[in-house]
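The structure file my_file-v5.txt is reproduced below (compact mmCIF, C-alpha atoms (C1' of nucleotides)).
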# COMPACT_ATOMS: atom_id res chain seq x y z
CA MET A 1 -62.99 -13.34 21.27
CA PHE A 2 -64.13 -10.10 19.63
CA ASP A 3 -64.51 -8.12 22.85
CA GLY A 4 -61.21 -6.31 22.42
CA ILE A 5 -61.96 -5.25 18.87
CA ARG A 6 -65.50 -4.23 19.69
CA GLN A 7 -64.31 -2.00 22.48
CA TYR A 8 -61.64 -0.59 20.16
CA TYR A 9 -64.22 0.39 17.55
CA GLN A 10 -66.66 1.71 20.08
CA GLU A 11 -64.03 4.16 21.21
CA LEU A 12 -63.49 5.24 17.60
CA ILE A 13 -67.25 5.45 16.90
CA PRO A 14 -69.13 6.13 20.15
CA LYS A 15 -72.51 5.79 18.48
CA LEU A 16 -71.80 2.47 16.75
CA SER A 17 -75.07 0.48 16.71
CA ASP A 18 -75.40 -3.25 17.41
CA GLU A 19 -76.43 -3.78 13.80
CA GLU A 20 -73.32 -2.01 12.52
CA TRP A 21 -71.06 -3.91 14.87
CA GLN A 22 -72.64 -7.13 13.68
CA GLN A 23 -71.81 -6.20 10.09
CA LEU A 24 -68.21 -5.63 11.06
CA GLU A 25 -67.98 -8.82 13.10
CA ASN A 26 -69.35 -10.87 10.20
CA ARG A 27 -66.42 -9.74 8.11
CA LEU A 28 -63.64 -10.52 10.57
CA VAL A 29 -61.46 -13.57 10.06
CA ILE A 30 -59.63 -15.29 12.89
CA GLU A 31 -56.16 -16.43 11.86
CA SER A 32 -53.55 -18.37 13.75
CA TYR A 33 -49.79 -18.00 13.18
CA PRO A 34 -47.13 -20.22 14.74
CA LYS A 35 -44.01 -18.51 16.05
CA GLY A 36 -41.73 -17.37 13.24
CA SER A 37 -44.30 -17.58 10.46
CA LEU A 38 -44.92 -14.84 7.92
CA VAL A 39 -48.16 -12.87 7.85
CA CYS A 40 -47.18 -10.96 4.71
CA ARG A 41 -44.08 -11.23 2.56
CA GLU A 42 -42.37 -8.21 1.00
CA GLY A 43 -43.51 -7.97 -2.62
CA GLU A 44 -46.97 -9.43 -1.97
CA ASN A 45 -50.05 -7.30 -1.45
CA CYS A 46 -50.90 -6.96 2.20
CA LYS A 47 -54.24 -8.67 2.61
CA GLY A 48 -55.65 -7.04 5.70
CA VAL A 49 -55.30 -5.12 8.91
CA TYR A 50 -54.58 -7.42 11.81
CA TYR A 51 -55.79 -6.99 15.35
CA ILE A 52 -53.48 -8.97 17.60
CA HIS A 53 -55.63 -11.01 19.97
CA LYS A 54 -52.69 -12.88 21.45
CA GLY A 55 -49.00 -12.89 20.65
CA LEU A 56 -46.51 -10.46 19.12
CA ALA A 57 -46.00 -9.43 15.51
CA ARG A 58 -43.28 -7.50 13.75
CA LEU A 59 -42.90 -5.33 10.64
CA TYR A 60 -39.53 -5.14 8.86
CA TYR A 61 -37.62 -4.33 5.70
CA THR A 62 -35.08 -6.70 4.22
CA VAL A 63 -32.08 -4.80 2.81
CA ASP A 64 -29.07 -6.71 1.44
CA GLY A 65 -30.30 -9.79 3.28
CA ARG A 66 -30.44 -7.82 6.50
CA GLU A 67 -33.60 -7.10 8.47
CA ILE A 68 -34.59 -3.62 9.64
CA CYS A 69 -37.52 -3.61 12.07
CA THR A 70 -39.87 -0.65 12.04
CA GLY A 71 -42.73 -1.73 14.26
CA PHE A 72 -44.14 -4.27 16.66
CA ALA A 73 -47.68 -5.02 17.81
CA LYS A 74 -48.71 -6.98 20.87
CA GLU A 75 -52.13 -8.02 22.24
CA GLY A 76 -54.74 -5.31 21.80
CA GLU A 77 -52.78 -3.50 19.07
CA TYR A 78 -53.14 -3.33 15.31
CA LEU A 79 -50.57 -4.12 12.66
CA SER A 80 -50.50 -3.86 8.90
CA GLU A 81 -48.24 -2.97 6.03
CA TYR A 82 -50.75 -0.19 5.67
CA ASP A 83 -49.28 1.43 2.56
CA SER A 84 -49.54 -1.86 0.68
CA PHE A 85 -52.95 -2.54 2.19
CA LEU A 86 -54.40 0.82 1.16
CA THR A 87 -52.98 0.87 -2.33
CA GLN A 88 -53.18 -2.91 -2.84
CA SER A 89 -49.69 -2.83 -4.29
CA PRO A 90 -46.57 -4.84 -3.39
CA ALA A 91 -45.44 -4.41 0.20
CA SER A 92 -41.97 -3.01 0.85
CA GLN A 93 -41.98 -4.61 4.29
CA SER A 94 -42.68 -8.10 5.58
CA MET A 95 -44.71 -9.03 8.64
CA ASP A 96 -44.05 -12.04 10.82
CA VAL A 97 -44.80 -13.13 14.39
CA LEU A 98 -42.24 -13.52 17.17
CA GLU A 99 -44.53 -15.70 19.29
CA ASP A 100 -47.46 -17.98 18.57
CA THR A 101 -50.09 -15.47 17.57
CA ILE A 102 -53.83 -15.25 17.04
CA ALA A 103 -54.80 -12.33 14.82
CA ILE A 104 -58.19 -11.04 13.78
CA ASN A 105 -58.01 -9.96 10.18
CA LEU A 106 -60.23 -7.45 8.42
CA PRO A 107 -59.54 -8.19 4.75
CA TYR A 108 -59.29 -5.40 2.19
CA GLU A 109 -62.39 -6.18 0.15
CA LYS A 110 -64.56 -6.54 3.25
CA MET A 111 -63.32 -3.22 4.52
CA GLN A 112 -64.13 -1.44 1.25
CA ASP A 113 -67.51 -3.12 1.32
CA LEU A 114 -68.06 -1.78 4.81
CA TYR A 115 -67.10 1.77 3.76
CA ARG A 116 -69.56 1.60 0.88
CA ASN A 117 -72.55 0.16 2.72
CA TYR A 118 -72.05 1.60 6.21
CA PRO A 119 -70.46 5.03 5.76
CA ILE A 120 -70.13 5.47 9.49
CA PHE A 121 -67.05 3.25 9.28
CA ASN A 122 -65.32 6.05 7.42
CA GLN A 123 -65.07 7.70 10.81
CA ALA A 124 -63.27 4.67 12.22
CA GLY A 125 -61.08 4.46 9.12
CA ARG A 126 -60.19 8.10 9.51
CA LYS A 127 -59.20 7.73 13.14
CA ILE A 128 -57.21 4.57 12.44
CA ALA A 129 -55.29 6.26 9.64
CA GLU A 130 -54.76 9.32 11.84
CA GLY A 131 -53.48 7.11 14.64
CA LEU A 132 -51.09 5.29 12.33
CA PHE A 133 -49.88 8.59 10.95
CA ILE A 134 -49.11 9.84 14.45
CA LEU A 135 -47.33 6.59 15.27
CA ILE A 136 -45.01 6.64 12.29
CA SER A 137 -44.53 10.38 12.53
CA ARG A 138 -43.27 10.13 16.10
CA TYR A 139 -41.07 7.17 15.23
CA ASN A 140 -39.59 9.37 12.54
CA THR A 141 -39.10 12.24 14.95
CA ARG A 142 -37.14 10.00 17.29
CA LEU A 143 -34.94 8.67 14.49
CA LEU A 144 -34.17 12.19 13.27
CA THR A 145 -33.81 14.14 16.51
CA LEU A 146 -32.55 11.74 19.20
CA SER A 147 -29.18 10.06 19.67
CA PRO A 148 -29.07 6.23 19.52
CA GLU A 149 -28.69 6.18 23.28
CA ASP A 150 -31.76 8.38 23.80
CA ARG A 151 -33.75 6.25 21.36
CA TYR A 152 -32.96 3.18 23.43
CA GLN A 153 -33.84 5.03 26.61
CA TYR A 154 -37.18 5.94 25.03
CA ILE A 155 -37.99 2.26 24.62
CA ILE A 156 -37.05 1.56 28.21
CA ASP A 157 -39.31 4.37 29.37
CA ASN A 158 -42.24 3.86 27.03
CA GLN A 159 -42.21 0.39 25.49
CA TYR A 160 -40.61 -1.74 28.14
CA HIS A 161 -42.49 -4.85 27.01
CA LEU A 162 -40.35 -4.78 23.84
CA ILE A 163 -37.21 -5.13 25.92
CA GLN A 164 -38.70 -8.20 27.54
CA ARG A 165 -40.13 -9.87 24.46
CA VAL A 166 -38.00 -8.83 21.48
CA PRO A 167 -34.43 -10.05 20.83
CA GLN A 168 -31.89 -7.30 21.27
CA TYR A 169 -30.61 -7.44 17.73
CA MET A 170 -34.10 -6.65 16.47
CA LEU A 171 -34.40 -3.72 18.85
CA ALA A 172 -31.03 -2.50 17.55
CA SER A 173 -32.36 -2.29 14.00
CA PHE A 174 -35.59 -0.71 15.31
CA ILE A 175 -33.41 1.98 16.89
CA GLY A 176 -31.37 2.26 13.73
CA ILE A 177 -28.02 0.89 14.86
CA SER A 178 -26.05 -2.38 14.75
CA PRO A 179 -26.52 -5.05 17.45
CA GLU A 180 -22.91 -4.60 18.57
CA HIS A 181 -23.39 -0.89 19.02
CA LEU A 182 -26.52 -1.42 21.10
CA SER A 183 -24.61 -3.84 23.27
CA ARG A 184 -21.97 -1.19 23.87
CA ILE A 185 -24.59 1.43 24.64
CA ARG A 186 -26.20 -0.87 27.18
CA LYS A 187 -22.88 -1.46 28.84
CA LYS A 188 -22.19 2.24 29.03
CA MET A 189 -25.65 2.93 30.47
CA THR A 190 -25.36 0.47 33.33
CA ARG A 191 -22.18 2.14 34.55
CA MET B 1 -59.39 30.88 -5.88
CA PHE B 2 -60.99 27.78 -4.43
CA ASP B 3 -61.06 25.79 -7.66
CA GLY B 4 -58.00 23.74 -6.78
CA ILE B 5 -59.33 22.77 -3.37
CA ARG B 6 -62.78 22.01 -4.68
CA GLN B 7 -61.36 19.67 -7.29
CA TYR B 8 -59.19 18.09 -4.65
CA TYR B 9 -62.17 17.34 -2.42
CA GLN B 10 -64.31 16.17 -5.27
CA GLU B 11 -61.75 13.51 -6.02
CA LEU B 12 -61.80 12.43 -2.39
CA ILE B 13 -65.62 12.49 -2.21
CA PRO B 14 -67.07 11.93 -5.69
CA LYS B 15 -70.64 12.54 -4.51
CA LEU B 16 -69.91 15.80 -2.69
CA SER B 17 -72.97 18.04 -3.10
CA ASP B 18 -72.94 21.78 -3.82
CA GLU B 19 -74.42 22.41 -0.39
CA GLU B 20 -71.66 20.42 1.32
CA TRP B 21 -68.97 22.14 -0.70
CA GLN B 22 -70.45 25.47 0.27
CA GLN B 23 -70.21 24.50 3.94
CA LEU B 24 -66.55 23.66 3.47
CA GLU B 25 -65.80 26.80 1.50
CA ASN B 26 -67.39 28.96 4.19
CA ARG B 27 -64.88 27.63 6.67
CA LEU B 28 -61.74 28.20 4.61
CA VAL B 29 -59.43 31.09 5.45
CA ILE B 30 -57.09 32.65 2.91
CA GLU B 31 -53.72 33.53 4.41
CA SER B 32 -50.73 35.26 2.93
CA TYR B 33 -47.13 34.62 4.02
CA PRO B 34 -44.12 36.65 2.83
CA LYS B 35 -40.98 34.70 1.96
CA GLY B 36 -39.22 33.40 5.06
CA SER B 37 -42.13 33.82 7.45
CA LEU B 38 -43.31 31.14 9.87
CA VAL B 39 -46.67 29.41 9.48
CA CYS B 40 -46.27 27.46 12.70
CA ARG B 41 -43.49 27.51 15.29
CA GLU B 42 -42.27 24.37 17.05
CA GLY B 43 -43.92 24.22 20.47
CA GLU B 44 -47.12 25.93 19.33
CA ASN B 45 -50.26 24.03 18.40
CA CYS B 46 -50.60 23.74 14.65
CA LYS B 47 -53.72 25.70 13.79
CA GLY B 48 -54.80 24.16 10.52
CA VAL B 49 -54.15 22.21 7.39
CA TYR B 50 -52.86 24.43 4.62
CA TYR B 51 -53.57 24.07 0.96
CA ILE B 52 -50.83 25.88 -0.93
CA HIS B 53 -52.46 28.04 -3.56
CA LYS B 54 -49.22 29.69 -4.59
CA GLY B 55 -45.67 29.40 -3.31
CA LEU B 56 -43.62 26.83 -1.47
CA ALA B 57 -43.69 25.78 2.18
CA ARG B 58 -41.41 23.65 4.31
CA LEU B 59 -41.66 21.49 7.42
CA TYR B 60 -38.58 21.06 9.66
CA TYR B 61 -37.19 20.13 13.05
CA THR B 62 -34.73 22.31 14.89
CA VAL B 63 -32.10 20.21 16.70
CA ASP B 64 -29.18 21.91 18.49
CA GLY B 65 -29.92 25.05 16.50
CA ARG B 66 -29.72 23.05 13.28
CA GLU B 67 -32.63 22.57 10.88
CA ILE B 68 -33.70 19.17 9.57
CA CYS B 69 -36.25 19.37 6.74
CA THR B 70 -38.80 16.60 6.44
CA GLY B 71 -41.21 17.88 3.84
CA PHE B 72 -42.08 20.50 1.27
CA ALA B 73 -45.36 21.50 -0.35
CA LYS B 74 -45.83 23.51 -3.51
CA GLU B 75 -48.90 24.80 -5.35
CA GLY B 76 -51.74 22.29 -5.27
CA GLU B 77 -50.34 20.36 -2.30
CA TYR B 78 -51.23 20.23 1.36
CA LEU B 79 -49.02 20.86 4.32
CA SER B 80 -49.51 20.60 8.05
CA GLU B 81 -47.73 19.54 11.21
CA TYR B 82 -50.49 16.95 11.21
CA ASP B 83 -49.60 15.25 14.48
CA SER B 84 -49.86 18.55 16.32
CA PHE B 85 -52.95 19.48 14.36
CA LEU B 86 -54.80 16.25 15.17
CA THR B 87 -53.87 16.11 18.81
CA GLN B 88 -53.87 19.88 19.31
CA SER B 89 -50.64 19.57 21.23
CA PRO B 90 -47.27 21.33 20.79
CA ALA B 91 -45.69 20.80 17.40
CA SER B 92 -42.28 19.16 17.21
CA GLN B 93 -41.68 20.73 13.82
CA SER B 94 -41.93 24.26 12.46
CA MET B 95 -43.43 25.32 9.17
CA ASP B 96 -42.24 28.26 7.10
CA VAL B 97 -42.40 29.40 3.50
CA LEU B 98 -39.46 29.58 1.09
CA GLU B 99 -41.25 31.91 -1.32
CA ASP B 100 -44.08 34.42 -1.02
CA THR B 101 -47.00 32.09 -0.41
CA ILE B 102 -50.78 32.15 -0.39
CA ALA B 103 -52.27 29.33 1.66
CA ILE B 104 -55.86 28.29 2.20
CA ASN B 105 -56.28 27.23 5.77
CA LEU B 106 -58.91 24.90 7.20
CA PRO B 107 -58.69 25.60 10.94
CA TYR B 108 -58.99 22.80 13.50
CA GLU B 109 -62.28 23.83 15.09
CA LYS B 110 -63.97 24.31 11.73
CA MET B 111 -62.83 20.90 10.61
CA GLN B 112 -64.23 19.22 13.74
CA ASP B 113 -67.43 21.17 13.19
CA LEU B 114 -67.58 19.83 9.66
CA TYR B 115 -67.05 16.24 10.81
CA ARG B 116 -69.87 16.62 13.34
CA ASN B 117 -72.46 18.24 11.11
CA TYR B 118 -71.57 16.75 7.73
CA PRO B 119 -70.33 13.21 8.37
CA ILE B 120 -69.50 12.73 4.71
CA PHE B 121 -66.34 14.73 5.37
CA ASN B 122 -65.09 11.80 7.43
CA GLN B 123 -64.50 10.13 4.10
CA ALA B 124 -62.30 13.01 2.97
CA GLY B 125 -60.56 13.08 6.35
CA ARG B 126 -59.89 9.37 6.06
CA LYS B 127 -58.40 9.67 2.62
CA ILE B 128 -56.28 12.66 3.58
CA ALA B 129 -54.90 10.83 6.62
CA GLU B 130 -54.31 7.74 4.50
CA GLY B 131 -52.48 9.83 1.91
CA LEU B 132 -50.30 11.48 4.55
CA PHE B 133 -49.54 8.10 6.06
CA ILE B 134 -48.40 6.79 2.71
CA LEU B 135 -46.28 9.90 2.16
CA ILE B 136 -44.40 9.69 5.44
CA SER B 137 -44.18 5.93 5.23
CA ARG B 138 -42.42 6.06 1.87
CA TYR B 139 -40.14 8.86 3.04
CA ASN B 140 -39.22 6.57 5.92
CA THR B 141 -38.62 3.66 3.58
CA ARG B 142 -36.19 5.72 1.55
CA LEU B 143 -34.30 6.91 4.64
CA LEU B 144 -33.98 3.35 5.94
CA THR B 145 -33.31 1.38 2.77
CA LEU B 146 -31.51 3.66 0.30
CA SER B 147 -28.00 5.07 0.33
CA PRO B 148 -27.62 8.87 0.51
CA GLU B 149 -26.72 8.88 -3.16
CA ASP B 150 -29.82 6.92 -4.11
CA ARG B 151 -31.98 9.19 -1.96
CA TYR B 152 -30.68 12.20 -3.89
CA GLN B 153 -31.22 10.40 -7.18
CA TYR B 154 -34.81 9.75 -6.08
CA ILE B 155 -35.39 13.48 -5.77
CA ILE B 156 -33.90 14.10 -9.19
CA ASP B 157 -36.18 11.45 -10.68
CA ASN B 158 -39.38 12.19 -8.76
CA GLN B 159 -39.30 15.67 -7.23
CA TYR B 160 -37.18 17.66 -9.61
CA HIS B 161 -38.96 20.90 -8.74
CA LEU B 162 -37.31 20.70 -5.30
CA ILE B 163 -33.88 20.81 -6.92
CA GLN B 164 -34.90 23.96 -8.71
CA ARG B 165 -36.62 25.75 -5.85
CA VAL B 166 -35.01 24.57 -2.61
CA PRO B 167 -31.47 25.54 -1.47
CA GLN B 168 -29.12 22.60 -1.58
CA TYR B 169 -28.32 22.65 2.14
CA MET B 170 -32.02 22.13 2.89
CA LEU B 171 -32.21 19.21 0.50
CA ALA B 172 -29.16 17.75 2.25
CA SER B 173 -30.99 17.65 5.57
CA PHE B 174 -34.10 16.31 3.82
CA ILE B 175 -31.94 13.46 2.54
CA GLY B 176 -30.39 13.04 5.96
CA ILE B 177 -26.81 14.16 5.31
CA SER B 178 -24.64 17.27 5.73
CA PRO B 179 -24.51 19.95 3.01
CA GLU B 180 -20.83 19.21 2.43
CA HIS B 181 -21.53 15.57 1.85
CA LEU B 182 -24.29 16.31 -0.65
CA SER B 183 -21.92 18.61 -2.52
CA ARG B 184 -19.41 15.75 -2.78
CA ILE B 185 -22.10 13.31 -3.90
CA ARG B 186 -23.15 15.72 -6.63
CA LYS B 187 -19.56 16.08 -7.79
CA LYS B 188 -19.17 12.32 -7.92
CA MET B 189 -22.43 11.89 -9.84
CA THR B 190 -21.57 14.34 -12.61
CA ARG B 191 -18.37 12.40 -13.39
C1' DC C 1 -30.11 -34.72 29.49
C1' DT C 2 -27.12 -33.60 25.38
C1' DT C 3 -26.48 -31.22 21.40
C1' DT C 4 -27.21 -27.59 18.50
C1' DT C 5 -28.65 -23.22 17.37
C1' DC C 6 -29.27 -18.66 18.50
C1' DC C 7 -27.99 -14.57 20.75
C1' DA C 8 -25.21 -11.13 23.45
C1' DT C 9 -20.73 -9.49 24.40
C1' DT C 10 -16.17 -7.85 23.55
C1' DA C 11 -12.07 -6.32 21.04
C1' DA C 12 -9.54 -4.80 16.96
C1' DC C 13 -10.07 -2.59 12.94
C1' DA C 14 -12.37 -0.17 8.93
C1' DT C 15 -15.02 3.44 6.93
C1' DA C 16 -18.67 6.48 5.89
C1' DT C 17 -19.95 10.72 7.08
C1' DA C 18 -19.55 14.83 9.99
C1' DT C 19 -17.00 18.83 11.32
C1' DC C 20 -14.06 22.69 10.76
C1' DA C 21 -12.12 26.12 7.99
C1' DA C 22 -11.26 28.78 3.91
C1' DG C 23 -12.24 30.47 -0.44
C1' DA C 24 -15.24 31.12 -4.67
C1' DA C 25 -19.49 32.14 -6.70
C1' DG C 26 -23.86 33.84 -7.07
C1' DC C 27 -27.39 37.18 -5.71
C1' DC C 28 -29.58 41.06 -3.69
C1' DA C 29 -29.69 45.80 -1.95
C1' DA C 30 -28.40 50.46 -2.06
C1' DT D 1 -21.34 49.23 -9.55
C1' DT D 2 -20.11 47.89 -5.20
C1' DG D 3 -20.26 45.60 -1.16
C1' DG D 4 -22.36 42.31 1.79
C1' DC D 5 -25.10 38.14 2.38
C1' DT D 6 -26.01 33.64 1.47
C1' DT D 7 -24.86 29.40 -0.56
C1' DC D 8 -21.80 26.04 -2.59
C1' DT D 9 -17.39 23.81 -2.98
C1' DT D 10 -13.14 21.78 -1.50
C1' DG D 11 -9.55 19.95 1.58
C1' DA D 12 -7.88 18.35 6.04
C1' DT D 13 -9.15 16.18 10.04
C1' DA D 14 -12.12 13.95 13.52
C1' DT D 15 -15.41 10.64 15.13
C1' DA D 16 -19.33 7.86 15.57
C1' DT D 17 -20.74 3.77 14.15
C1' DG D 18 -20.23 -0.39 11.31
C1' DT D 19 -17.72 -4.74 10.35
C1' DT D 20 -15.39 -8.87 11.30
C1' DA D 21 -14.32 -12.40 14.27
C1' DA D 22 -14.00 -14.97 18.46
C1' DT D 23 -16.10 -16.42 22.89
C1' DG D 24 -19.49 -17.97 26.16
C1' DG D 25 -23.95 -18.54 27.74
C1' DA D 26 -28.81 -19.34 27.15
C1' DA D 27 -32.48 -21.41 25.01
C1' DA D 28 -34.47 -24.66 21.97
C1' DA D 29 -34.49 -29.11 19.82
C1' DG D 30 -33.96 -33.88 19.74

Go ahead and express the file in the form of structure tokens.
Amino acid sequence: MFDGIRQYYQELIPKLSDEEWQQLENRLVIESYPKGSLVCREGENCKGVYYIHKGLARLYYTVDGREICTGFAKEGEYLSEYDSFLTQSPASQSMDVLEDTIAINLPYEKMQDLYRNYPIFNQAGRKIAEGLFILISRYNTRLLTLSPEDRYQYIIDNQYHLIQRVPQYMLASFIGISPEHLSRIRKKMTR
Amino acid sequence: MFDGIRQYYQELIPKLSDEEWQQLENRLVIESYPKGSLVCREGENCKGVYYIHKGLARLYYTVDGREICTGFAKEGEYLSEYDSFLTQSPASQSMDVLEDTIAINLPYEKMQDLYRNYPIFNQAGRKIAEGLFILISRYNTRLLTLSPEDRYQYIIDNQYHLIQRVPQYMLASFIGISPEHLSRIRKKMTR
DNA sequence: CTTTTCCATTAACATATATCAAGAAGCCAA
DNA sequence: TTGGCTTCTTGATATATGTTAATGGAAAAG
């Protein structure tokens, strides 16, 4: 069950000892979410960082009753409303799951506890934050520098699993356009 | 000269010792940039993280010969093309200075050196990455959930110094609109 | 199996915002 | 002071993209 996470951390901290891993493992919480259920609602404090063991989760804003997706995480990936998690303040995005999902949660307090008592985890925390920064930064770059068509092409080339597992109207908002416009772009591209 | 930085780090690492601070200080490089000069050109590897001692710096994409600003840093703030810095790969954004600027640079190799030999700096690195994540994440939130007018109002309310020190056409691209459109928004708002 | 709900497509139309172009205003240099 | 940049404003026009609405098919639910 924890193999994936352990490997993940061992890449972040090559010299992680068995004792330290054990301390981390003791603090992990396995959680199960049926398709469509919320992991965190906008306005609540995000309670943890979630390693997706199985399934698919999504991060999104709700604006005027409309949803704008900004991220997805499948098996082996992490997801969190990390701003809310770090600052323990109300989340501006919600998280839900698009498929039945098993997540492994590292709750906020346990993580702080880990930082305090086993400082080596600061190294992991640093690399996780750096990785998330790079992720959002590149997402930003694509939104600001590519055309809608090129943004869709990027997903085809680099995140094809999303095309297979995520409804098109969610991908449209992820790309920053309306579902109708994405449909037209797709039509144009197949010609 | 280094007072600002030292205070900055001491907030990130409350138990930073004199010895450790000395190690950091030894690795800092003071650099001077005349108004308009480049700190890092798109395509080059970003060489460091820059603490702005005096002046004002800017981060921006160049798309079809047009500039799109994504961030500014004034005295007491940090700036870097952090993706490029972390991965030591070509930057997708350039950095330049809008006023005569003195920056204190912590170069990549020295920072890695610090992480290796004084692991406590991982804690600072973590908090810096977390802070940058929060910064870009909130910028993203504003771009995706606010109207152009509200994005401009946000700057008035929260970053008024930018209005005083940054040309309006740069703010327009920072907000994600054309200079002409910002001019019209301003006209409308004063009514 | 049906029935219902959800989702993708398509077309007609609306609109926010960009683009182009010209002039005015401020600012710096000589 | 004068001229030349740079920046801001304003108007006319263009266009990409959104909106609304209708249809049909696929998937889920019963």

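Here atom CA of Cys69 of chain A stands at a distance of 29.4 Å from atom CA of Asp3 of chain A.
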
Problem - Exercise answer, chain D residues close to chain A, 12 Å and all atoms listed in the file, as a PyMOL selection string - result: chain D and resi 16-20

Using only C-alpha atoms (C1' of nucleotides), I'd like a table of the residues in chain A that come within 12 Å of chain C; for each, show the closest atom pair and its distance in Å rounded to one decimal, ordered by chain and ascending number, as a Markdown table.
| residue | atom | partner | partner_atom | distance |
| --- | --- | --- | --- | --- |
| A:Val166 | CA | C:DC7 | C1' | 11.6 |
| A:Pro167 | CA | C:DC7 | C1' | 7.9 |
| A:Gln168 | CA | C:DA8 | C1' | 8.0 |
| A:Tyr169 | CA | C:DC7 | C1' | 8.2 |
| A:Met170 | CA | C:DC7 | C1' | 10.9 |
| A:Ala172 | CA | C:DA8 | C1' | 12.0 |
| A:Pro179 | CA | C:DA8 | C1' | 8.6 |
| A:Glu180 | CA | C:DT9 | C1' | 7.9 |
| A:His181 | CA | C:DT9 | C1' | 10.5 |
| A:Leu182 | CA | C:DA8 | C1' | 10.1 |
| A:Ser183 | CA | C:DT9 | C1' | 6.9 |
| A:Arg184 | CA | C:DT9 | C1' | 8.4 |
| A:Ile185 | CA | C:DT9 | C1' | 11.6 |
| A:Arg186 | CA | C:DT9 | C1' | 10.6 |
| A:Lys187 | CA | C:DT9 | C1' | 9.4 |

Problem - Contact set, chain A to chain B: 6 Å, all atoms listed in the file, as a list in words - result: Asp83, Asn122, Gln123, Gly125, Arg126, Ala129, Glu130, Phe133 and Ile134 of chain A

Exercise for the section: Using atom CA of Ala57 of chain B and atom C1' of DT7 of chain D as the two end points, give the distance in Å to one decimal. Expected result: 19.4 Å

Handout entry: Atomic distance atom CA of Ile102 of chain B - atom CA of Gly76 of chain B, expressed in Å with one decimal
Key =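 The value is 11.0 Å.
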
Practice task
Skip Lys54 of chain B itself and residues of its chain fewer than 3 positions away, then list as a list in words all residues within 8 Å of it, counting only C-alpha atoms (C1' of nucleotides).
Solution key: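 Once the nearby chain positions are removed, what remains is Lys74, Glu75, Gly76, Asp100, Thr101, Ile102 and Ala103 of chain B.
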
Atoms kept (C-alpha atoms) for selection, written as an mmCIF file, keeping the file's coordinate frame:
data_model
loop_
_atom_site.group_PDB
_atom_site.id
_atom_site.type_symbol
_atom_site.label_atom_id
_atom_site.label_comp_id
_atom_site.auth_asym_id
_atom_site.auth_seq_id
_atom_site.Cartn_x
_atom_site.Cartn_y
_atom_site.Cartn_z
ATOM 1 C CA LYS B 74 -45.830 23.510 -3.510
ATOM 2 C CA GLU B 75 -48.900 24.800 -5.350
ATOM 3 C CA GLY B 76 -51.740 22.290 -5.270
ATOM 4 C CA ASP B 100 -44.080 34.420 -1.020
ATOM 5 C CA THR B 101 -47.000 32.090 -0.410
ATOM 6 C CA ILE B 102 -50.780 32.150 -0.390
ATOM 7 C CA ALA B 103 -52.270 29.330 1.660
#

What are the centre and the three edge lengths of an axis-aligned box that wraps all atoms of segment 10-20 of chain C in the file, given that 4 Å is added to every side, written as JSON and rounded to one decimal in Å?
{"center_x": -14.7, "center_y": 7.4, "center_z": 14.7, "size_x": 18.4, "size_y": 38.5, "size_z": 25.7}

Handout entry: Nearby residues (all atoms listed in the file) at most 7 Å from Leu79 of chain B, same-chain spacing under 5 positions excluded, as a PyMOL selection string
Key = chain B and resi 49-51+73

Handout entry: Test item: residues at most 10 Å from Tyr108 of chain A, only C-alpha atoms (C1' of nucleotides), excluding those fewer than 4 positions along its chain, as number ranges by chain
Key = A: 46-49, 85-88, 112-114

Keeping only C-alpha atoms, write those residues as a compact mmCIF listing (two decimals), keeping the file's coordinate frame.
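The resulting file, again.txt, is reproduced below:
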# COMPACT_ATOMS: atom_id res chain seq x y z
CA CYS A 46 -50.90 -6.96 2.20
CA LYS A 47 -54.24 -8.67 2.61
CA GLY A 48 -55.65 -7.04 5.70
CA VAL A 49 -55.30 -5.12 8.91
CA PHE A 85 -52.95 -2.54 2.19
CA LEU A 86 -54.40 0.82 1.16
CA THR A 87 -52.98 0.87 -2.33
CA GLN A 88 -53.18 -2.91 -2.84
CA GLN A 112 -64.13 -1.44 1.25
CA ASP A 113 -67.51 -3.12 1.32
CA LEU A 114 -68.06 -1.78 4.81

Practice task
Do a neighbour search on Glu99 of chain A at 9 Å with only C-alpha atoms (C1' of nucleotides), toss out local chain neighbours closer than 5 positions, and write the hits as a PyMOL selection string.
Solution key: chain A and resi 33-36+54-57+165

Selection file, C-alpha atoms, as an mmCIF file, keeping the file's coordinate frame:
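selection-v5.cif was written with the following content:
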data_model
loop_
_atom_site.group_PDB
_atom_site.id
_atom_site.type_symbol
_atom_site.label_atom_id
_atom_site.label_comp_id
_atom_site.auth_asym_id
_atom_site.auth_seq_id
_atom_site.Cartn_x
_atom_site.Cartn_y
_atom_site.Cartn_z
ATOM 1 C CA TYR A 33 -49.790 -18.000 13.180
ATOM 2 C CA PRO A 34 -47.130 -20.220 14.740
ATOM 3 C CA LYS A 35 -44.010 -18.510 16.050
ATOM 4 C CA GLY A 36 -41.730 -17.370 13.240
ATOM 5 C CA LYS A 54 -52.690 -12.880 21.450
ATOM 6 C CA GLY A 55 -49.000 -12.890 20.650
ATOM 7 C CA LEU A 56 -46.510 -10.460 19.120
ATOM 8 C CA ALA A 57 -46.000 -9.430 15.510
ATOM 9 C CA ARG A 165 -40.130 -9.870 24.460
#

Exercise for the section: Find the residues near Gly71 of chain A: any atom within 8 Å, counting all atoms listed in the file, skip ones fewer than 5 places away on the same chain, and give them as a PyMOL selection string. Expected result: chain A and resi 58-60+174
